[in-house]
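Structure data (mmCIF, C-alpha atoms) from model01.cif:
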```cif
data_entry
loop_
_atom_site.label_atom_id
_atom_site.label_comp_id
_atom_site.auth_asym_id
_atom_site.auth_seq_id
_atom_site.Cartn_x
_atom_site.Cartn_y
_atom_site.Cartn_z
CA MET A 1 33.99 48.15 98.60
CA SER A 2 33.78 49.09 94.96
CA ASN A 3 30.70 48.77 92.87
CA SER A 4 32.26 45.88 90.96
CA ASN A 5 32.49 43.75 94.14
CA LYS A 6 28.98 44.63 95.40
CA ARG A 7 26.72 41.59 95.30
CA LYS A 8 23.44 41.80 93.45
CA PRO A 9 20.22 40.46 94.95
CA TRP A 10 19.83 36.68 94.49
CA ASN A 11 17.17 35.72 91.99
CA GLY A 12 16.87 32.06 93.00
CA LYS A 13 19.17 30.79 90.24
CA SER A 14 22.64 29.56 90.95
CA ALA A 15 25.73 30.07 88.87
CA GLY A 16 25.62 26.35 88.13
CA ASP A 17 22.25 26.74 86.47
CA SER A 18 23.54 29.55 84.31
CA ALA A 19 26.55 27.50 83.30
CA MET A 20 24.31 24.53 82.49
CA ARG A 21 22.13 26.63 80.21
CA ARG A 22 25.15 27.98 78.40
CA ARG A 23 26.60 24.51 78.10
CA ARG A 24 23.36 23.31 76.50
CA SER A 25 23.37 26.17 74.02
CA LEU A 26 26.90 25.30 72.96
CA ARG A 27 26.17 21.55 72.70
CA PRO A 28 25.98 20.19 69.04
CA LYS A 29 22.51 19.47 67.65
CA ALA A 30 21.31 15.86 67.34
CA GLY A 31 22.26 14.38 63.98
CA ALA A 32 24.69 17.20 63.16
CA GLY A 33 27.57 14.81 62.68
CA SER A 34 28.71 11.26 63.08
CA ALA A 35 31.33 11.99 65.83
CA LYS A 36 30.51 10.59 69.22
CA VAL A 37 31.21 12.60 72.40
CA ARG A 38 32.55 10.48 75.18
CA ALA A 39 32.29 11.08 78.95
CA GLY A 40 35.71 12.65 79.27
CA ASP A 41 34.99 15.02 76.44
CA SER A 42 31.78 16.00 78.21
CA GLN A 43 33.65 16.91 81.35
CA ARG A 44 36.16 19.00 79.39
CA ALA A 45 33.30 20.75 77.65
CA THR A 46 31.74 21.49 81.07
CA SER A 47 34.94 23.07 82.33
CA SER A 48 35.24 25.12 79.18
CA ASP A 49 31.64 26.21 79.50
CA ALA A 50 32.22 27.26 83.10
CA GLU A 51 35.16 29.34 82.06
CA THR A 52 33.10 30.85 79.29
CA ALA A 53 30.36 31.63 81.78
CA ALA A 54 32.88 33.30 84.10
CA GLU A 55 33.76 35.68 81.36
CA VAL A 56 30.19 36.80 80.87
CA PRO A 57 29.89 40.54 81.50
CA GLY A 58 27.55 41.78 84.24
CA ILE A 59 28.57 39.08 86.78
CA SER A 60 30.94 39.93 89.64
CA GLY A 61 34.28 38.23 90.05
CA THR A 62 33.22 36.37 93.21
CA GLU A 63 30.08 35.07 91.50
CA GLN A 64 32.08 33.96 88.51
CA ASN A 65 34.59 32.10 90.79
CA ASP A 66 31.74 30.40 92.63
CA ALA A 67 30.22 29.28 89.31
CA VAL A 68 33.52 27.78 88.18
CA ASP A 69 33.92 25.87 91.47
CA ILE A 70 30.38 24.51 91.26
CA ALA A 71 30.85 23.48 87.62
CA ASN A 72 34.11 21.68 88.37
CA THR A 73 32.73 19.83 91.38
CA THR A 74 29.39 18.93 89.78
CA GLU A 75 29.37 15.41 88.37
CA LEU A 76 27.45 15.25 85.03
CA PRO A 77 26.02 12.08 83.47
CA ALA A 78 28.16 10.59 80.73
CA MET A 79 27.08 10.85 77.06
CA VAL A 80 25.76 7.73 75.36
CA SER A 81 28.72 5.85 73.93
CA ASP A 82 29.12 3.33 71.12
CA GLU A 83 29.19 0.56 73.69
CA ASP A 84 25.69 1.51 74.90
CA VAL A 85 24.20 0.65 71.44
CA ASN A 86 23.89 -3.11 70.91
CA GLU A 87 24.51 -3.17 67.15
CA GLU A 88 24.44 -6.96 66.96
CA ALA A 89 20.93 -7.07 68.40
CA VAL A 90 19.68 -4.43 65.96
CA THR A 91 21.21 -6.28 63.02
CA ALA A 92 19.62 -9.56 64.11
CA ARG A 93 16.18 -7.91 64.34
CA LEU A 94 16.58 -6.41 60.83
CA GLN A 95 17.49 -9.81 59.36
CA ASP A 96 14.51 -11.49 61.04
CA ALA A 97 12.19 -8.79 59.73
CA ALA A 98 13.56 -9.11 56.16
CA ALA A 99 12.70 -12.82 56.18
CA GLN A 100 9.03 -12.06 56.97
CA PRO A 101 6.56 -11.60 53.98
CA ALA A 102 5.39 -8.15 52.94
CA ASP A 103 2.00 -6.95 54.01
CA ALA A 104 -0.86 -6.03 51.66
CA ASP A 105 0.59 -2.59 51.09
CA GLY A 106 3.90 -4.05 49.94
CA ASN A 107 5.79 -2.91 53.09
CA SER A 108 8.23 -5.50 54.36
CA ALA A 109 8.55 -6.61 57.96
CA ALA A 110 12.16 -5.50 57.85
CA ALA A 111 11.06 -1.92 57.42
CA GLU A 112 8.61 -2.25 60.31
CA SER A 113 11.29 -3.86 62.52
CA THR A 114 13.72 -1.12 61.62
CA ASP A 115 11.12 1.51 62.46
CA ALA A 116 10.43 -0.24 65.75
CA SER A 117 14.12 -0.37 66.53
CA GLU A 118 14.48 3.28 65.72
CA GLU A 119 11.49 4.18 67.89
CA SER A 120 12.94 2.16 70.76
CA GLY A 121 16.34 3.75 70.28
CA THR A 122 14.76 7.17 70.08
CA ALA A 123 12.86 6.55 73.31
CA GLU A 124 16.01 5.44 75.06
CA GLU A 125 17.91 8.43 73.71
CA SER A 126 15.13 10.73 74.80
CA GLY A 127 15.28 9.30 78.34
CA THR A 128 19.02 9.61 78.40
CA ALA A 129 18.80 13.14 77.07
CA LYS A 130 16.48 14.07 79.88
CA LYS A 131 19.03 12.77 82.37
CA SER A 132 22.17 14.13 80.71
CA GLY A 133 20.74 17.09 78.80
CA THR A 134 22.24 15.91 75.46
CA VAL A 135 21.76 13.24 72.80
CA GLY A 136 24.66 11.43 71.20
CA ALA A 137 24.79 11.81 67.44
CA SER A 138 25.77 8.16 67.02
CA THR A 139 22.52 6.88 68.61
CA ARG A 140 20.34 8.35 65.86
CA LYS A 141 19.84 6.08 62.85
CA LYS A 142 18.38 7.06 59.55
CA LYS A 143 15.28 5.15 58.49
CA THR A 144 16.45 2.05 56.68
CA ALA A 145 14.75 1.36 53.28
CA PRO A 146 13.56 -2.20 52.56
CA SER A 147 16.26 -4.37 51.08
CA PRO A 148 15.85 -4.70 47.25
CA ASP A 149 16.53 -8.44 47.61
CA ALA A 150 13.84 -9.01 50.23
CA PRO A 151 11.09 -11.45 49.06
CA GLY A 152 8.38 -8.85 49.58
CA ALA A 153 10.28 -6.27 47.52
CA VAL A 154 10.90 -8.81 44.74
CA ARG A 155 7.22 -9.76 44.63
CA GLN A 156 6.30 -6.09 44.61
CA ARG A 157 8.58 -5.38 41.66
CA THR A 158 7.34 -8.49 39.82
CA ALA A 159 3.71 -7.55 40.36
CA GLY A 160 4.38 -4.00 39.21
CA ALA A 161 6.16 -5.17 36.06
CA ALA A 162 3.34 -7.63 35.26
CA TYR A 163 0.74 -4.90 35.74
CA ALA A 164 2.68 -2.51 33.49
CA GLN A 165 3.06 -5.20 30.81
CA THR A 166 -0.65 -6.06 30.97
CA SER A 167 -1.55 -2.39 30.76
CA ARG A 168 0.63 -1.91 27.70
CA ARG A 169 -0.89 -5.02 26.09
CA HIS A 170 -4.40 -3.73 26.71
CA LYS A 171 -3.50 -0.36 25.23
CA ALA A 172 -2.03 -2.06 22.15
CA LEU A 173 -5.15 -4.20 21.71
CA ARG A 174 -7.38 -1.13 22.01
CA LEU A 175 -5.26 0.67 19.43
CA ILE A 176 -5.41 -2.29 17.05
CA ALA A 177 -9.18 -2.54 17.47
CA LEU A 178 -9.55 1.18 16.78
CA CYS A 179 -7.41 0.91 13.64
CA ALA A 180 -9.47 -2.06 12.46
CA VAL A 181 -12.69 -0.10 12.89
CA VAL A 182 -11.24 2.83 10.97
CA VAL A 183 -10.13 0.54 8.14
CA VAL A 184 -13.55 -1.15 7.94
CA VAL A 185 -15.33 2.20 7.82
CA ALA A 186 -12.95 3.50 5.16
CA VAL A 187 -13.43 0.38 3.05
CA ALA A 188 -17.19 0.63 3.39
CA ILE A 189 -17.18 4.28 2.33
CA ALA A 190 -14.90 3.51 -0.61
CA ALA A 191 -17.13 0.60 -1.65
CA VAL A 192 -20.20 2.82 -1.60
CA ARG A 193 -18.44 5.47 -3.65
CA ILE A 194 -17.22 2.92 -6.17
CA THR A 195 -20.51 1.07 -6.62
CA HIS A 196 -22.75 4.15 -6.65
CA LEU A 197 -23.48 5.40 -10.14
CA ALA A 198 -24.61 8.95 -10.67
CA PRO A 199 -26.21 10.30 -13.87
CA ALA A 200 -22.95 12.08 -14.59
CA ASP A 201 -21.18 8.70 -14.67
CA TYR A 202 -23.47 7.50 -17.47
CA LEU A 203 -23.06 10.72 -19.37
CA ASP A 204 -19.28 10.62 -19.16
CA GLU A 205 -19.23 7.02 -20.32
CA ALA A 206 -21.48 7.77 -23.29
CA LYS A 207 -19.24 10.61 -24.36
CA SER A 208 -16.12 8.50 -24.03
CA LEU A 209 -17.51 5.95 -26.50
CA ALA A 210 -17.39 8.54 -29.26
CA ALA A 211 -13.72 7.59 -29.71
CA VAL A 212 -14.74 3.98 -30.37
CA GLN A 213 -17.09 5.14 -33.09
CA THR A 214 -14.16 7.00 -34.63
CA ASP A 215 -12.20 3.73 -34.62
CA ILE A 216 -15.02 1.96 -36.49
CA THR A 217 -15.12 4.68 -39.10
CA ALA A 218 -11.35 4.48 -39.58
CA VAL A 219 -11.57 0.76 -40.28
CA ALA A 220 -14.38 1.25 -42.81
CA ASN A 221 -12.45 3.98 -44.62
CA SER A 222 -9.33 1.86 -44.79
CA TYR A 223 -10.90 -1.22 -46.36
CA GLY A 224 -12.97 1.01 -48.67
CA GLN A 225 -9.70 2.38 -50.05
CA ILE A 226 -8.44 -1.16 -50.70
CA ASN A 227 -11.62 -1.98 -52.60
CA GLU A 228 -11.13 1.02 -54.83
CA GLN A 229 -7.60 -0.09 -55.62
CA LEU A 230 -8.83 -3.57 -56.56
CA VAL A 231 -11.02 -2.02 -59.21
CA SER A 232 -8.99 0.89 -60.50
CA ASP A 233 -5.34 0.14 -59.65
CA VAL A 234 -5.14 -3.49 -58.76
CA SER A 235 -1.37 -3.61 -59.02
CA SER A 236 -1.02 -1.20 -56.05
CA VAL A 237 -2.61 -3.62 -53.59
CA THR A 238 0.24 -5.26 -51.62
CA ASP A 239 1.00 -6.34 -48.07
CA ASP A 240 2.64 -3.00 -47.40
CA THR A 241 -0.41 -1.01 -48.45
CA LEU A 242 -2.60 -3.09 -46.13
CA GLY A 243 -0.65 -2.04 -43.01
CA ASP A 244 -2.96 0.89 -42.30
CA LEU A 245 -6.02 -1.37 -42.40
CA ARG A 246 -4.56 -3.84 -39.92
CA SER A 247 -3.46 -1.01 -37.60
CA ALA A 248 -6.97 0.48 -37.60
CA VAL A 249 -8.45 -2.88 -36.65
CA ASP A 250 -6.01 -3.29 -33.75
CA THR A 251 -6.90 0.15 -32.40
CA LEU A 252 -10.60 -0.67 -32.50
CA LYS A 253 -10.14 -3.92 -30.62
CA ASN A 254 -7.91 -2.38 -27.94
CA ASP A 255 -10.26 0.52 -27.24
CA THR A 256 -13.22 -1.81 -27.03
CA SER A 257 -11.45 -4.03 -24.49
CA ARG A 258 -10.31 -1.04 -22.46
CA HIS A 259 -13.82 0.37 -21.99
CA ALA A 260 -15.09 -3.03 -20.84
CA ASP A 261 -13.43 -2.33 -17.44
CA ASP A 262 -15.12 1.05 -16.96
CA LYS A 263 -17.05 1.73 -13.76
CA VAL A 264 -20.49 1.84 -15.40
CA PHE A 265 -20.12 -1.57 -17.04
CA LYS A 266 -18.84 -3.11 -13.80
CA HIS A 267 -21.74 -1.97 -11.61
CA ASP A 268 -24.71 -1.81 -14.01
CA ALA A 269 -25.74 -5.24 -15.26
CA ASP A 270 -27.89 -3.90 -18.10
CA ALA A 271 -25.16 -1.62 -19.34
CA ALA A 272 -22.65 -4.46 -19.11
CA ASP A 273 -24.94 -6.78 -21.11
CA SER A 274 -25.41 -4.16 -23.83
CA TYR A 275 -21.68 -3.52 -24.03
CA ALA A 276 -20.96 -7.25 -24.18
CA LYS A 277 -23.11 -7.50 -27.31
CA PHE A 278 -21.23 -4.59 -28.83
CA SER A 279 -17.89 -6.16 -27.96
CA SER A 280 -18.95 -9.41 -29.62
CA ALA A 281 -19.97 -7.48 -32.72
CA VAL A 282 -16.55 -5.80 -32.80
CA ASP A 283 -14.81 -9.17 -32.64
CA ASP A 284 -16.85 -10.51 -35.57
CA TYR A 285 -16.28 -7.35 -37.58
CA ALA A 286 -12.55 -7.36 -36.93
CA ALA A 287 -12.30 -11.02 -37.94
CA GLN A 288 -13.97 -10.37 -41.32
CA VAL A 289 -11.89 -7.27 -42.04
CA LEU A 290 -8.62 -9.06 -41.22
CA SER A 291 -9.66 -12.01 -43.37
CA PHE A 292 -10.23 -9.63 -46.24
CA ALA A 293 -6.87 -7.97 -45.62
CA ASP A 294 -5.09 -11.33 -45.72
CA ALA A 295 -6.76 -12.31 -48.99
CA ALA A 296 -6.54 -8.91 -50.71
CA PRO A 297 -3.04 -9.33 -52.25
CA LYS A 298 -3.92 -12.72 -53.77
CA LEU A 299 -7.30 -11.44 -54.84
CA ALA A 300 -5.52 -8.63 -56.65
CA ALA A 301 -3.26 -11.20 -58.34
CA ALA A 302 -6.25 -13.30 -59.48
CA VAL A 303 -8.08 -10.22 -60.76
CA THR A 304 -4.99 -9.29 -62.78
CA ALA A 305 -4.54 -12.81 -64.19
CA CYS A 306 -8.20 -13.24 -65.11
CA SER A 307 -8.97 -9.74 -66.35
CA GLY A 308 -8.76 -10.81 -69.99
CA SER A 309 -6.39 -12.05 -72.68
CA THR A 310 -4.12 -9.62 -74.44
CA THR A 311 -3.99 -11.88 -77.51
CA SER A 312 -5.79 -10.71 -80.63
CA LEU A 313 -7.79 -12.91 -82.91
CA SER A 314 -5.89 -13.47 -86.15
CA ASN A 315 -7.11 -15.40 -89.14
CA ASP A 316 -3.62 -15.74 -90.39
CA ASP A 317 -2.28 -17.75 -87.39
CA THR A 318 -5.15 -19.58 -85.74
CA ASP A 319 -2.91 -22.07 -83.98
CA LYS A 320 -0.84 -19.36 -82.27
CA PHE A 321 -3.95 -17.63 -81.14
CA MET A 322 -5.26 -20.83 -79.59
CA ASP A 323 -2.00 -21.43 -77.81
CA ASP A 324 -1.86 -17.92 -76.38
CA TYR A 325 -5.43 -18.02 -75.24
CA SER A 326 -4.97 -21.39 -73.60
CA ALA A 327 -1.98 -19.97 -71.68
CA TYR A 328 -4.15 -17.10 -70.45
CA LEU A 329 -6.79 -19.51 -69.15
CA SER A 330 -4.15 -21.56 -67.37
CA ALA A 331 -2.64 -18.51 -65.63
CA CYS A 332 -6.06 -17.39 -64.44
CA GLU A 333 -6.81 -20.83 -63.09
CA THR A 334 -3.53 -20.95 -61.16
CA ALA A 335 -4.13 -17.55 -59.52
CA VAL A 336 -7.66 -18.46 -58.56
CA ASP A 337 -6.57 -21.75 -57.02
CA ASP A 338 -3.93 -19.88 -54.97
CA LEU A 339 -6.57 -17.42 -53.78
CA ASP A 340 -9.00 -20.18 -52.90
CA ALA A 341 -6.40 -21.85 -50.69
CA SER A 342 -5.74 -18.66 -48.70
CA THR A 343 -9.21 -17.46 -47.72
CA ASP A 344 -12.39 -18.56 -46.02
CA SER A 345 -14.34 -15.50 -47.10
CA GLU A 346 -17.66 -16.49 -48.56
CA ASP A 347 -17.72 -13.44 -50.81
CA ILE A 348 -14.32 -14.23 -52.30
CA THR A 349 -15.13 -17.92 -52.54
CA SER A 350 -18.27 -17.06 -54.45
CA TRP A 351 -16.20 -15.00 -56.89
CA ILE A 352 -13.75 -17.87 -57.29
CA GLU A 353 -16.60 -20.21 -58.19
CA SER A 354 -17.78 -17.83 -60.91
CA VAL A 355 -14.24 -17.63 -62.31
CA ASP A 356 -13.97 -21.40 -62.33
CA LYS A 357 -17.18 -21.63 -64.32
CA TYR A 358 -15.87 -19.08 -66.80
CA LEU A 359 -12.65 -21.02 -67.22
CA ASP A 360 -14.49 -24.27 -67.84
CA THR A 361 -16.61 -22.65 -70.55
CA GLN A 362 -13.65 -21.09 -72.27
CA LYS A 363 -11.64 -24.26 -72.15
CA THR A 364 -14.50 -26.15 -73.81
CA THR A 365 -14.78 -23.61 -76.61
CA VAL A 366 -11.03 -23.59 -77.23
CA SER A 367 -11.05 -27.37 -77.47
CA ALA A 368 -13.93 -27.26 -79.97
CA ILE A 369 -12.13 -24.71 -82.12
CA GLN A 370 -8.95 -26.70 -82.08
CA GLY A 371 -10.94 -29.77 -83.24
CA LEU A 372 -12.08 -28.01 -86.42
CA GLY A 373 -8.59 -28.08 -87.84
CA ASN A 374 -6.66 -25.53 -89.87
CA THR A 375 -8.67 -22.80 -91.48
CA ASP A 376 -6.77 -23.29 -94.76
CA SER A 377 -8.35 -26.70 -95.31
CA MET A 378 -11.75 -26.05 -93.88
CA SER A 379 -14.91 -26.33 -95.87
CA SER A 380 -17.26 -23.44 -95.88
CA ALA A 381 -19.57 -25.18 -93.41
CA THR A 382 -16.68 -25.98 -91.04
CA PHE A 383 -15.34 -22.48 -91.33
CA SER A 384 -18.77 -21.19 -90.43
CA GLN A 385 -18.67 -23.32 -87.25
CA TYR A 386 -15.18 -21.99 -86.56
CA LEU A 387 -16.37 -18.43 -86.67
CA THR A 388 -19.28 -19.25 -84.34
CA LYS A 389 -16.96 -20.77 -81.78
CA LEU A 390 -14.68 -17.80 -81.91
CA SER A 391 -17.68 -15.59 -81.30
CA ASP A 392 -18.65 -17.71 -78.29
CA LEU A 393 -15.12 -17.53 -76.96
CA ALA A 394 -15.01 -13.74 -77.24
CA GLY A 395 -18.51 -13.37 -75.87
CA GLN A 396 -17.67 -14.79 -72.44
CA LEU A 397 -16.69 -12.07 -70.00
CA THR A 398 -14.27 -12.59 -67.13
CA PRO A 399 -15.88 -12.19 -63.71
CA SER A 400 -15.22 -8.57 -62.77
CA ALA A 401 -13.09 -7.52 -59.84
CA GLY A 402 -15.87 -5.08 -59.08
CA ASP A 403 -18.13 -8.03 -58.39
CA VAL A 404 -15.98 -9.36 -55.60
CA VAL A 405 -15.33 -5.89 -54.21
CA THR A 406 -19.02 -5.13 -54.10
CA SER A 407 -19.74 -8.43 -52.41
CA VAL A 408 -16.98 -7.98 -49.81
CA SER A 409 -17.99 -4.39 -49.05
CA SER A 410 -21.59 -5.40 -48.58
CA SER A 411 -20.65 -8.07 -46.05
CA LEU A 412 -18.30 -5.80 -44.12
CA ASP A 413 -20.86 -3.04 -43.98
CA SER A 414 -23.39 -5.48 -42.57
CA ALA A 415 -20.92 -6.52 -39.88
CA ASP A 416 -20.22 -2.92 -38.90
CA PRO A 417 -20.66 -2.75 -35.08
CA SER A 418 -21.86 0.86 -35.11
CA THR A 419 -25.46 -0.24 -34.58
CA ALA A 420 -24.54 -2.19 -31.45
CA LEU A 421 -22.53 0.77 -30.20
CA HIS A 422 -25.50 3.08 -30.68
CA ASP A 423 -27.60 0.75 -28.54
CA VAL A 424 -25.07 1.14 -25.72
CA GLU A 425 -24.96 4.91 -26.12
CA ASN A 426 -28.76 5.20 -26.12
CA TYR A 427 -28.94 3.28 -22.85
CA LEU A 428 -26.25 5.44 -21.25
CA TYR A 429 -27.80 8.72 -22.36
CA GLY A 430 -31.16 7.54 -21.07
CA LYS A 431 -29.72 6.77 -17.63
CA SER A 432 -27.92 10.10 -17.52
CA ALA A 433 -31.21 11.93 -17.93
CA GLN A 434 -32.89 10.19 -14.99
#
```
Have the structure of the file written as structure tokens, please.
Amino acid sequence: MSNSNKRKPWNGKSAGDSAMRRRRSLRPKAGAGSAKVRAGDSQRATSSDAETAAEVPGISGTEQNDAVDIANTTELPAMVSDEDVNEEAVTARLQDAAAQPADADGNSAAAESTDASEESGTAEESGTAKKSGTVGASTRKKKTAPSPDAPGAVRQRTAGAAYAQTSRRHKALRLIALCAVVVVVAVAIAAVRITHLAPADYLDEAKSLAAVQTDITAVANSYGQINEQLVSDVSSVTDDTLGDLRSAVDTLKNDTSRHADDKVFKHDADAADSYAKFSSAVDDYAAQVLSFADAAPKLAAAVTACSGSTTSLSNDDTDKFMDDYSAYLSACETAVDDLDASTDSEDITSWIESVDKYLDTQKTTVSAIQGLGNTDSMSSATFSQYLTKLSDLAGQLTPSAGDVVTSVSSSLDSADPSTALHDVENYLYGKSAQ
């Protein structure tokens, strides 16, 4: 007998056991696919495995033939088939579990029922596997997630959405509260900065009022120039030449009003009271200057009309002289009446009254002279009276334009608000040094 046919010592394991082990190693893993192996397929796989085992090197031909015979005659348990799984029962249990309420953790009964079913199925498969040595792929079920339409799942989603919405609302309220606090603090800081006055604030304000003093000086210079023209060149005083005076007054009023809103005067009551007095003085001053500007052209006309007669006394034509002089008095009276109707200035009114008195005196003298008759027929005594009246007529002087100018200038100088402005400046400089 050759070495290939010599039997080896028996190790207690049969060829059937070897074939079974190889068949198990070639069997598909659980869950590897969805195909189900039926009983007939299992038997064919066993035969194939036996043939495969017979071809294993190291085993004699007789041993391999014995293993094939044992494998073919051995009856193996059938694999678990589709019919062994009661799908209707599983489905009914899942539906009953879905109808049950979720527990405190939000897990539905359907999930628990499914898990229970799977555990039961797994146990059955495990028992079957122990008997048959394999597990059918179709008996393994993946863990079923809770149905999204289950009442427990719906309540869970609703509760989660409500919690998220409440959380967002709380965050928004906290953010709004924080913003409100920031705004209040910022407003408080700004209020403190605005209301607090430092010495530098008083100093800056005092220096800024120097421009207002310049405005006052400009007004005084402008009306002083008009007064000079009334005395020396009365014909040059017109509405056009008074434009500079009115412009200077407007500038003074605007600057005074603008400084009234300055920080110092808004937050220092004493400073505000002092500046209010100055502002009132400016208003009074401006009113008097503008009144003078309105009356100046007509004052110039009255001064021109009443400055004196250009007629000369002539012994040859006494009647003509009287007529010319009477015309002069009438023109002066008309100009003065026009001036009187256009002004409320006490200084100008006082000058008008003096002119009226002059006119009355001159008119009386003229009438007396005219009553003496013609010089050609006069007696020596009457002619002597005539000469006396002429002397009285010539002796009366017309009220001077200088008189009214002096009076107006004196009043405007008294109304000058520079003194009130200096009071404000002294207070501000005093506070800046503290």
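For range 292-307 of chain A, the set of protein, DNA and RNA residues having any atom at most 7 Å away, when counting all atoms listed in the file and skipping those fewer than 5 positions along the same chain, is Leu230, Val234, Ser235, Val237, Thr238, Asp239, Leu242, Ala331, Cys332, Ala335, Val336, Leu339, Ser342, Thr343, Thr398 and Ala401 of chain A.
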*Hits of the PyMOL selection byres ((chain A and resi 348-351) around 8) in this structure, as a VMD selection string*: chain A and resid 299 340 343 to 347 352 to 355 399 403 to 404 407 to 408
Using all atoms listed in the file, I'd like a table of the residues in range 358-426 of chain A that come within 8 Å of range 283-291 of chain A; for each, show the closest atom pair and its distance in Å rounded to one decimal, ordered by chain and ascending number, as a tab-separated table.
```
residue	atom	partner	partner_atom	distance
A:Leu412	CA	A:Gln288	CA	6.9
A:Ala415	CA	A:Tyr285	CA	5.2
A:Asp416	CA	A:Tyr285	CA	6.1
A:Pro417	CA	A:Tyr285	CA	6.8
```
Residue members of the PyMOL selection byres ((chain A and resi 274) around 12) in the file shown, as a CSV table (one decimal) with C-alpha atoms, keeping the file's coordinate frame:
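Contents of selection.csv, as written:
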```csv
chain,number,residue,atom,x,y,z
A,260,ALA,CA,-15.1,-3.0,-20.8
A,264,VAL,CA,-20.5,1.8,-15.4
A,265,PHE,CA,-20.1,-1.6,-17.0
A,268,ASP,CA,-24.7,-1.8,-14.0
A,269,ALA,CA,-25.7,-5.2,-15.3
A,270,ASP,CA,-27.9,-3.9,-18.1
A,271,ALA,CA,-25.2,-1.6,-19.3
A,272,ALA,CA,-22.6,-4.5,-19.1
A,273,ASP,CA,-24.9,-6.8,-21.1
A,275,TYR,CA,-21.7,-3.5,-24.0
A,276,ALA,CA,-21.0,-7.2,-24.2
A,277,LYS,CA,-23.1,-7.5,-27.3
A,278,PHE,CA,-21.2,-4.6,-28.8
A,279,SER,CA,-17.9,-6.2,-28.0
A,280,SER,CA,-19.0,-9.4,-29.6
A,281,ALA,CA,-20.0,-7.5,-32.7
A,419,THR,CA,-25.5,-0.2,-34.6
A,420,ALA,CA,-24.5,-2.2,-31.4
A,421,LEU,CA,-22.5,0.8,-30.2
A,422,HIS,CA,-25.5,3.1,-30.7
A,423,ASP,CA,-27.6,0.8,-28.5
A,424,VAL,CA,-25.1,1.1,-25.7
A,425,GLU,CA,-25.0,4.9,-26.1
A,426,ASN,CA,-28.8,5.2,-26.1
A,427,TYR,CA,-28.9,3.3,-22.8
A,428,LEU,CA,-26.2,5.4,-21.2
```
*By how many Å are CA of Val405 in chain A and CA of Asn227 in chain A apart?*
5.6 Å
*Scan for residues within 12 Å of the point (-7.3, -2.2, -28.8) in the coordinates of the file, using all atoms listed in the file, and reply as a PyMOL selection string.*
chain A and resi 211-212+215-216+246-260+279+282-283+286
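Using all atoms listed in the file, the nearest neighbour of Gly371 in chain A within the list A:Ala394, A:Ala198, A:Met322, A:Ala220 is A:Met322.
For the set A:Thr364, A:Gln434, A:Ser379, A:Ser409, the residue with the smallest atom-to-atom gap to Ser222 in chain A is A:Ser409, counting all atoms listed in the file.
Pairwise distance (CA of Val231 in chain A, CA of Ser330 in chain A) equals 22.3 Å.
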_Could you tell me how far CA of Thr214 in chain A sits from CA of Asp262 in chain A, in Å to one decimal place?_
18.7 Å
*Starting from the shown file, work through the PyMOL selection byres ((chain A and resi 395) around 12) and note down what comes out as a PyMOL selection string.*
chain A and resi 308+358+361-362+365+388-394+396-398
Any chance you could model N, CA and C atoms for range 164-174 of chain A and send them as a JSON list (two decimals), in the coordinates of the input?
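So the final result, stored in out13.json, reads:
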```
[["chain", "number", "residue", "atom", "x", "y", "z"],
["A", 164, "ALA", "N", 2.29, -3.44, 34.57],
["A", 164, "ALA", "CA", 2.68, -2.51, 33.49],
["A", 164, "ALA", "C", 2.62, -3.19, 32.14],
["A", 165, "GLN", "N", 3.08, -4.47, 32.09],
["A", 165, "GLN", "CA", 3.06, -5.20, 30.81],
["A", 165, "GLN", "C", 1.62, -5.44, 30.36],
["A", 166, "THR", "N", 0.76, -5.84, 31.31],
["A", 166, "THR", "CA", -0.65, -6.06, 30.97],
["A", 166, "THR", "C", -1.31, -4.77, 30.50],
["A", 167, "SER", "N", -0.99, -3.68, 31.16],
["A", 167, "SER", "CA", -1.55, -2.39, 30.76],
["A", 167, "SER", "C", -1.12, -2.02, 29.34],
["A", 168, "ARG", "N", 0.17, -2.22, 29.06],
["A", 168, "ARG", "CA", 0.63, -1.91, 27.70],
["A", 168, "ARG", "C", -0.04, -2.81, 26.66],
["A", 169, "ARG", "N", -0.24, -4.10, 27.02],
["A", 169, "ARG", "CA", -0.89, -5.02, 26.09],
["A", 169, "ARG", "C", -2.32, -4.59, 25.81],
["A", 170, "HIS", "N", -3.02, -4.19, 26.89],
["A", 170, "HIS", "CA", -4.40, -3.73, 26.71],
["A", 170, "HIS", "C", -4.47, -2.48, 25.85],
["A", 171, "LYS", "N", -3.53, -1.57, 26.06],
["A", 171, "LYS", "CA", -3.50, -0.36, 25.23],
["A", 171, "LYS", "C", -3.25, -0.70, 23.77],
["A", 172, "ALA", "N", -2.33, -1.66, 23.53],
["A", 172, "ALA", "CA", -2.03, -2.06, 22.15],
["A", 172, "ALA", "C", -3.24, -2.70, 21.50],
["A", 173, "LEU", "N", -3.96, -3.55, 22.27],
["A", 173, "LEU", "CA", -5.15, -4.20, 21.71],
["A", 173, "LEU", "C", -6.22, -3.17, 21.40],
["A", 174, "ARG", "N", -6.39, -2.18, 22.29],
["A", 174, "ARG", "CA", -7.38, -1.13, 22.01],
["A", 174, "ARG", "C", -7.00, -0.34, 20.76]]
```
